[in-house]
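S.K.: Take a look at this one; I'll ask things after.
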Amino acid sequence: MLTTLQTAYSDTRAADLAWALGREALPALAVLDLQLSGASLQLRLLGASHQVLLEEEHGSCSETVACIPGSSTPLPLGVAKRIGGWEYEFAARVETLSRGSFAGRAQELLALVADHPNGLAGTFPGSPHAFTAMLAQRHEGRVRWRTWHAYPQEGQLVVTRTSVGFCPPPRRGAPVRTAMPATRG
């Protein structure tokens, strides 16, 4: 789904993005509700940022990547955490592109997400290459999403990918397997 976000594009910078887990739902400019094999997923565009809310029988998880006033957690390159019974993995990178390359990449990404049933993208009035886009899927028992945050004034594209899955605790009394060193005989 492609939408025009009814807000002015402000000159936020890629470096101003922060990351947070466990935040309550923030006011959104566009929302896409998905059902992915027993998981309820809500993709939320918060202007030049995103929030994902995941609900499943094992619990819930919320991820926010946004310009969060007063946040002391900058956008990390990678995170791997266990939260309750969830295994959460997050990675981010910043691509710096020339003006021509940026325009081409923006068109490519918007085309990818616009018609995808699990995709949500929002562009800003007056700036066709300023956008936030999200794409979700469920694969091998894990819920995964990718996001793209475009900053054309800087020629930067912030790309994130997240994977969340339930990991049952080890059974009590189960034998612990360890690797034995090879011996020479």
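As shown in the structure tokens, the chain order sets the letters A, B, ...; within each chain, residues go from 1, and ligands are also counted from 1 in the order they appear.
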Return as JSON lines the residues of range 56-161 of chain A lying at most 6 Å from range 41-52 of chain A, together with the closest atom-to-atom pair for each and the distance in Å to one decimal, counting only C-alpha atoms, with rows in chain order and ascending residue number.
M.R.:
```
{"residue": "A:Ser62", "atom": "CA", "partner": "A:Val52", "partner_atom": "CA", "distance": 5.6}
{"residue": "A:Glu63", "atom": "CA", "partner": "A:Val52", "partner_atom": "CA", "distance": 5.3}
{"residue": "A:Thr64", "atom": "CA", "partner": "A:Gln51", "partner_atom": "CA", "distance": 4.3}
{"residue": "A:Val65", "atom": "CA", "partner": "A:His50", "partner_atom": "CA", "distance": 5.5}
{"residue": "A:Ala66", "atom": "CA", "partner": "A:Ser49", "partner_atom": "CA", "distance": 4.6}
{"residue": "A:Thr132", "atom": "CA", "partner": "A:Ala48", "partner_atom": "CA", "distance": 5.9}
```
S.K.: List as a tab-separated table every residue of range 38-64 of chain A that is in contact with range 86-105 of chain A, defined as an atom at most 10 Å from one of its atoms (using only C-alpha atoms), together with the nearest atom pair and the distance in Å rounded to one decimal, sorted by chain and then rising number.
M.R.:
```
residue	atom	partner	partner_atom	distance
A:His58	CA	A:Trp86	CA	8.2
A:Gly59	CA	A:Trp86	CA	8.3
A:Ser60	CA	A:Trp86	CA	8.8
A:Cys61	CA	A:Trp86	CA	8.3
A:Glu63	CA	A:Phe90	CA	9.5
```
S.K.: Which of range 11-176 of chain A end up as helix (DSSP H, G or I) when DSSP is run on this backbone - answer as an MDAnalysis selection string?
M.R.: chainID A and resid 14:16 99:114
S.K.: Include N, CA and C atoms and write out the residues we just selected as a CSV table (one decimal), in the first residue's frame.
M.R.:
```
chain,number,residue,atom,x,y,z
A,14,ALA,N,19.2,11.3,9.1
A,14,ALA,CA,19.4,9.9,9.4
A,14,ALA,C,20.0,9.7,10.7
A,15,ALA,N,21.0,10.6,11.1
A,15,ALA,CA,21.7,10.4,12.3
A,15,ALA,C,20.8,10.7,13.5
A,16,ASP,N,19.6,11.3,13.3
A,16,ASP,CA,18.7,11.6,14.5
A,16,ASP,C,17.8,10.4,14.8
A,99,ARG,N,22.8,11.8,-6.1
A,99,ARG,CA,21.4,12.2,-6.4
A,99,ARG,C,20.7,11.3,-7.4
A,100,GLY,N,21.4,11.0,-8.5
A,100,GLY,CA,20.8,10.1,-9.5
A,100,GLY,C,20.5,8.7,-9.0
A,101,SER,N,21.5,8.2,-8.3
A,101,SER,CA,21.3,6.8,-7.7
A,101,SER,C,20.2,6.8,-6.7
A,102,PHE,N,20.1,7.9,-5.9
A,102,PHE,CA,19.1,7.9,-4.8
A,102,PHE,C,17.7,7.9,-5.5
A,103,ALA,N,17.5,8.7,-6.5
A,103,ALA,CA,16.2,8.8,-7.2
A,103,ALA,C,15.8,7.4,-7.7
A,104,GLY,N,16.8,6.7,-8.4
A,104,GLY,CA,16.5,5.4,-8.9
A,104,GLY,C,16.2,4.4,-7.8
A,105,ARG,N,17.0,4.4,-6.8
A,105,ARG,CA,16.7,3.5,-5.6
A,105,ARG,C,15.4,3.7,-5.0
A,106,ALA,N,15.0,5.0,-4.8
A,106,ALA,CA,13.7,5.4,-4.2
A,106,ALA,C,12.6,4.8,-5.1
A,107,GLN,N,12.6,5.0,-6.4
A,107,GLN,CA,11.6,4.5,-7.3
A,107,GLN,C,11.5,3.0,-7.2
A,108,GLU,N,12.6,2.3,-7.2
A,108,GLU,CA,12.7,0.9,-7.1
A,108,GLU,C,12.0,0.3,-5.8
A,109,LEU,N,12.4,0.9,-4.7
A,109,LEU,CA,11.8,0.5,-3.4
A,109,LEU,C,10.3,0.8,-3.3
A,110,LEU,N,9.9,2.0,-3.7
A,110,LEU,CA,8.5,2.3,-3.7
A,110,LEU,C,7.7,1.4,-4.6
A,111,ALA,N,8.2,1.0,-5.7
A,111,ALA,CA,7.5,0.0,-6.6
A,111,ALA,C,7.4,-1.3,-5.9
A,112,LEU,N,8.5,-1.8,-5.3
A,112,LEU,CA,8.5,-3.1,-4.6
A,112,LEU,C,7.4,-3.1,-3.5
A,113,VAL,N,7.3,-2.1,-2.7
A,113,VAL,CA,6.4,-2.1,-1.5
A,113,VAL,C,5.0,-1.7,-1.9
A,114,ALA,N,4.8,-0.8,-2.8
A,114,ALA,CA,3.5,-0.3,-3.1
A,114,ALA,C,2.4,-1.3,-3.4
```
S.K.: By how many Å are CA of Arg146 in chain A and CA of Asp33 in chain A apart?
M.R.: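 Rounded to one decimal, the two atoms are 15.7 Å apart.
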S.K.: Of the candidates A:Leu32, A:Thr123, A:Gln153, A:Glu56, which shows the shortest atom-to-atom distance to Gly85 in chain A, using only C-alpha atoms?
M.R.: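 Nearest candidate to Gly85 in chain A out of A:Leu32, A:Thr123, A:Gln153, A:Glu56: A:Glu56.
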S.K.: Choose the residue, out of A:Leu36, A:Val31, A:Leu75, A:Cys67, that has the smallest atom-to-atom separation from Arg144 in chain A; count only C-alpha atoms.
M.R.: A:Leu36
S.K.: Let me make sure I understand: among A:Thr3, A:Pro27, A:Thr162, A:Gly141, which one has the smallest atom-to-atom distance to Leu77 in chain A if we use only C-alpha atoms?
M.R.: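 Of A:Thr3, A:Pro27, A:Thr162, A:Gly141, the one nearest Leu77 in chain A is A:Thr162, counting only C-alpha atoms.
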S.K.: CA of Leu135 in chain A and CA of Ala39 in chain A, how far apart in Å?
M.R.: 15.0 Å
S.K.: As an MDAnalysis selection string, please: all residues of chain A that backbone DSSP puts in strand (DSSP E or B).
M.R.: chainID A and resid 2:4 18:21 30:36 39:45 50:56 59:66 74 78:83 86:96 119:124 127:139 142:151 156:166
S.K.: What is the CA of Ala121 in chain A to CA of Thr4 in chain A distance in Å?
M.R.: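 Interatomic distance, CA of Ala121 in chain A to CA of Thr4 in chain A: 8.4 Å.
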S.K.: Restricting the calculation to only C-alpha atoms, which member of A:Leu157, A:Ala25, A:Ala20, A:Val164 is positioned closest to Ala130 in chain A?
M.R.: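 So, comparing all the options, the nearest one is A:Leu157.
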S.K.: Between A:Pro152, A:Gly122, A:Gly78, A:Pro128, which one has atoms that come closest to Ala28 in chain A, using only C-alpha atoms?
M.R.: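 Going through A:Pro152, A:Gly122, A:Gly78, A:Pro128 one by one, the smallest distance to Ala28 in chain A is for A:Gly122.
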